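To keep things clear, I will list the structure first and then write my remarks on it.
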Amino acid sequence: MLPSTSSAARRRHRSFVHRLPFAILLLVGFIFTLNGNDVTSFVASAADVKPKQGVITLTSKNFDSSLRDGKVWLIEFYAPWCGHCTRFASTYEVIANQLHAKQNQSTVKRQVNVAKIDGAAERALASRFSVHGFPTFVLIDGWTVREYEGTRSHEGLVKFAMENYEETEPVPFLFGPFGPMGQLKSLLMRSGTWAIGMYEHLTVGRGMKPLVAMAVLCVGGLVLGLVSIVVVGLLCLPKAKQD
């Protein structure tokens with residue numbers, strides 16, 4: 001006896017209902033695959049929509065990646081032992097909360113992030129920005145960098161970040177932190193820091209004599225330089241034309 005049309009339709013309906021959640025999951029997974037994201041990154045990005053609170057701490061590890069967000073950055077270079085920095089910390093926190101709150105206002109088109117960098121610890125970044133004293137405030141808008149030269153006050157910094165920044169001449173790109181000279185200074189500072197750390201490791205950790213440790217570093221640097229020259233030379237060799 002053949003099943004009735006209504007019972008067959010009910011079975012198809014139940015089968016469709018049971019498969020619907022699975023189909024929805026597949027569709028969601030496919031969408032995230034196309035976007036190159038997973039559920040975790042989606043939740044994380046949703047959390048990023050929340051307004052920032054307080055001053056953002058930047059280091060050499062997150063500096064370049066943080067500045068890719070397309071916003072303007074007001075950054076303070078400070079030192080823990082600097083009395084001026086310590087006394088201004090609470091005011092700078094108020095400035096950060098005020099400027100971050102403006103990012104949620106539709107009438108404000110200029111969005112500014114407020115951050116700080118420990119210039120005593122992050123010497124490569126401090127050298128890259130030619131920081132000679134603390135605190136030093138810089139405003140970064142893309143590759144344009146301006147150094148604040150006004151009075152260190154709440155009103156002065158907020159106006160500098162939001163309104164009066166164009167009155168300050170930007171740092172020339174060639175000698176700026178994103179130009180070749182700034183990158184070179186940063187590279188030299190990182191190399192020097194690495195060499196000092198390696199010297200301390202050889203003398204303290206390995207028990208080498210200072211002269212022996214210096215000789216090892218010199219030989220290692222010479223070998224590394226020669227290898228770099230050979231690699232660059234091989235990459236730049238002209239290729240023979242094929243007939």
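Going through the structure tokens in order, the chains are called A, B, and so on, while each chain numbers its residues from 1 and the ligands are numbered from 1 in the order shown.
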
Residues near A:Glu93, anyone? I mean within 10 Å using only C-alpha atoms, not counting same-chain ones fewer than 3 positions away, as number ranges by chain.
A: 53-56, 88-90, 96-98, 114-115, 154

Neighbour list for A:Val72 as a PyMOL selection string, cut-off 10 Å, only C-alpha atoms, skip fewer than 5 positions in-chain
chain A and resi 67+110-114+139-142+144+161-162

Running DSSP on the backbone, which parts of stretch 136-213 of chain A land in helix (DSSP H, G or I), as a VMD selection string?
chain A and resid 154 to 162 164 to 167 173 to 175 180 to 205 210 to 213

Write to file, as a CSV table (one decimal), in the first residue's frame, the residues of the selection just made, with C-alpha atoms.
chain,number,residue,atom,x,y,z
A,154,HIS,CA,44.0,70.2,29.1
A,155,GLU,CA,42.6,73.0,26.9
A,156,GLY,CA,45.8,73.4,24.9
A,157,LEU,CA,46.1,69.7,24.0
A,158,VAL,CA,42.5,69.2,23.1
A,159,LYS,CA,42.5,72.3,20.8
A,160,PHE,CA,45.8,71.2,19.3
A,161,ALA,CA,44.3,67.7,18.5
A,162,MET,CA,40.9,68.9,17.2
A,164,ASN,CA,44.6,74.2,15.9
A,165,TYR,CA,46.8,71.5,14.6
A,166,GLU,CA,47.2,73.1,11.2
A,167,GLU,CA,48.9,76.1,12.8
A,173,PHE,CA,58.9,63.5,5.9
A,174,LEU,CA,62.5,62.8,5.1
A,175,PHE,CA,63.6,63.3,8.7
A,180,PRO,CA,64.0,57.0,5.8
A,181,MET,CA,66.0,58.8,8.4
A,182,GLY,CA,63.5,58.0,11.2
A,183,GLN,CA,63.4,54.3,10.2
A,184,LEU,CA,67.2,54.3,10.1
A,185,LYS,CA,67.5,55.8,13.6
A,186,SER,CA,65.1,53.2,14.9
A,187,LEU,CA,67.0,50.4,13.2
A,188,LEU,CA,70.3,51.6,14.7
A,189,MET,CA,68.8,52.0,18.1
A,190,ARG,CA,67.3,48.5,18.0
A,191,SER,CA,70.7,47.1,16.8
A,192,GLY,CA,72.5,48.8,19.6
A,193,THR,CA,70.0,47.6,22.2
A,194,TRP,CA,70.4,44.0,20.8
A,195,ALA,CA,74.2,44.3,21.0
A,196,ILE,CA,74.2,45.5,24.6
A,197,GLY,CA,71.8,42.7,25.6
A,198,MET,CA,73.9,40.1,23.8
A,199,TYR,CA,77.1,41.4,25.5
A,200,GLU,CA,75.5,41.2,28.9
A,201,HIS,CA,74.3,37.6,28.1
A,202,LEU,CA,77.8,36.6,27.0
A,203,THR,CA,79.6,38.1,30.0
A,204,VAL,CA,77.0,37.4,32.8
A,205,GLY,CA,75.1,34.4,31.5
A,210,PRO,CA,84.7,41.3,28.4
A,211,LEU,CA,87.3,41.3,25.6
A,212,VAL,CA,86.3,37.8,24.4
A,213,ALA,CA,82.6,38.8,24.4

Take atom CA of A:Ala79 and atom CA of A:His132 and report the distance between them in Å, one decimal.
11.6 Å

Would you compute the distance between atom CA of A:Gly70 and atom CA of A:Val108? Give it in Å to one decimal.
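Calculated distance between atom CA of A:Gly70 and atom CA of A:Val108 is 15.3 Å.
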
Counting only C-alpha atoms, closest pick from A:Leu226, A:Leu74, A:Ile117, A:Ala215 relative to A:Ile95 is A:Leu74

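Relative to atom CA of A:Glu76, atom CA of A:Val138 is found at 6.6 Å.
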
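Here the DSSP assignment of strand (DSSP E or B), based on backbone atoms, applies within stretch 56-193 of chain A to Ile56, Thr57, Val72, Trp73, Leu74, Ile75, Glu76, Phe77, Tyr78, Val112, Asn113, Val114, Ala115, Lys116, Ile117, Asp118, Thr136, Phe137, Val138, Leu139, Ile140, Asp141, Thr144, Val145, Arg146 and Glu147 of chain A.
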
Written selection (C-alpha atoms) as a PDB file, in the first residue's frame:
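Written out: again_36.pdb:
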ATOM      1  CA  ILE A  56      46.067  53.622  25.322  1.00  0.00           C
ATOM      2  CA  THR A  57      49.517  52.157  25.995  1.00  0.00           C
ATOM      3  CA  VAL A  72      44.439  60.559  14.320  1.00  0.00           C
ATOM      4  CA  TRP A  73      46.695  59.730  17.280  1.00  0.00           C
ATOM      5  CA  LEU A  74      47.737  62.070  20.074  1.00  0.00           C
ATOM      6  CA  ILE A  75      50.723  60.412  21.756  1.00  0.00           C
ATOM      7  CA  GLU A  76      52.680  61.349  24.855  1.00  0.00           C
ATOM      8  CA  PHE A  77      56.274  60.211  25.300  1.00  0.00           C
ATOM      9  CA  TYR A  78      56.868  60.004  29.038  1.00  0.00           C
ATOM     10  CA  VAL A 112      41.419  61.119  17.814  1.00  0.00           C
ATOM     11  CA  ASN A 113      42.934  58.283  19.832  1.00  0.00           C
ATOM     12  CA  VAL A 114      44.977  59.231  22.887  1.00  0.00           C
ATOM     13  CA  ALA A 115      47.989  57.097  23.776  1.00  0.00           C
ATOM     14  CA  LYS A 116      51.259  57.112  25.685  1.00  0.00           C
ATOM     15  CA  ILE A 117      54.685  55.549  25.160  1.00  0.00           C
ATOM     16  CA  ASP A 118      57.283  54.898  27.823  1.00  0.00           C
ATOM     17  CA  THR A 136      56.777  65.185  24.511  1.00  0.00           C
ATOM     18  CA  PHE A 137      53.420  65.244  22.715  1.00  0.00           C
ATOM     19  CA  VAL A 138      53.049  64.423  19.021  1.00  0.00           C
ATOM     20  CA  LEU A 139      50.002  64.323  16.762  1.00  0.00           C
ATOM     21  CA  ILE A 140      50.031  61.694  14.008  1.00  0.00           C
ATOM     22  CA  ASP A 141      47.631  61.938  11.081  1.00  0.00           C
ATOM     23  CA  THR A 144      51.964  63.693   8.916  1.00  0.00           C
ATOM     24  CA  VAL A 145      53.530  64.278  12.331  1.00  0.00           C
ATOM     25  CA  ARG A 146      53.294  67.473  14.382  1.00  0.00           C
ATOM     26  CA  GLU A 147      54.940  68.121  17.734  1.00  0.00           C
TER      27      GLU A 147
END

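Non-sequential neighbours of A:Ser130 (distance at most 9 Å, separation of 3 or more positions within a chain, only C-alpha atoms) are A:Leu125, A:Ala126, A:Ser127, A:Gly176, A:Pro177, A:Gly182, A:Lys185.
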
Output C-alpha atoms for every residue in the selection just made, as a short mmCIF file (atom, residue, chain, number, x, y, z; two decimals), in the first residue's frame.
data_model
loop_
_atom_site.label_atom_id
_atom_site.label_comp_id
_atom_site.auth_asym_id
_atom_site.auth_seq_id
_atom_site.Cartn_x
_atom_site.Cartn_y
_atom_site.Cartn_z
CA LEU A 125 60.47 54.65 19.20
CA ALA A 126 61.74 57.67 21.12
CA SER A 127 64.73 57.90 18.78
CA GLY A 176 60.25 62.28 10.27
CA PRO A 177 59.52 59.01 12.08
CA GLY A 182 63.47 57.99 11.18
CA LYS A 185 67.53 55.80 13.55
#
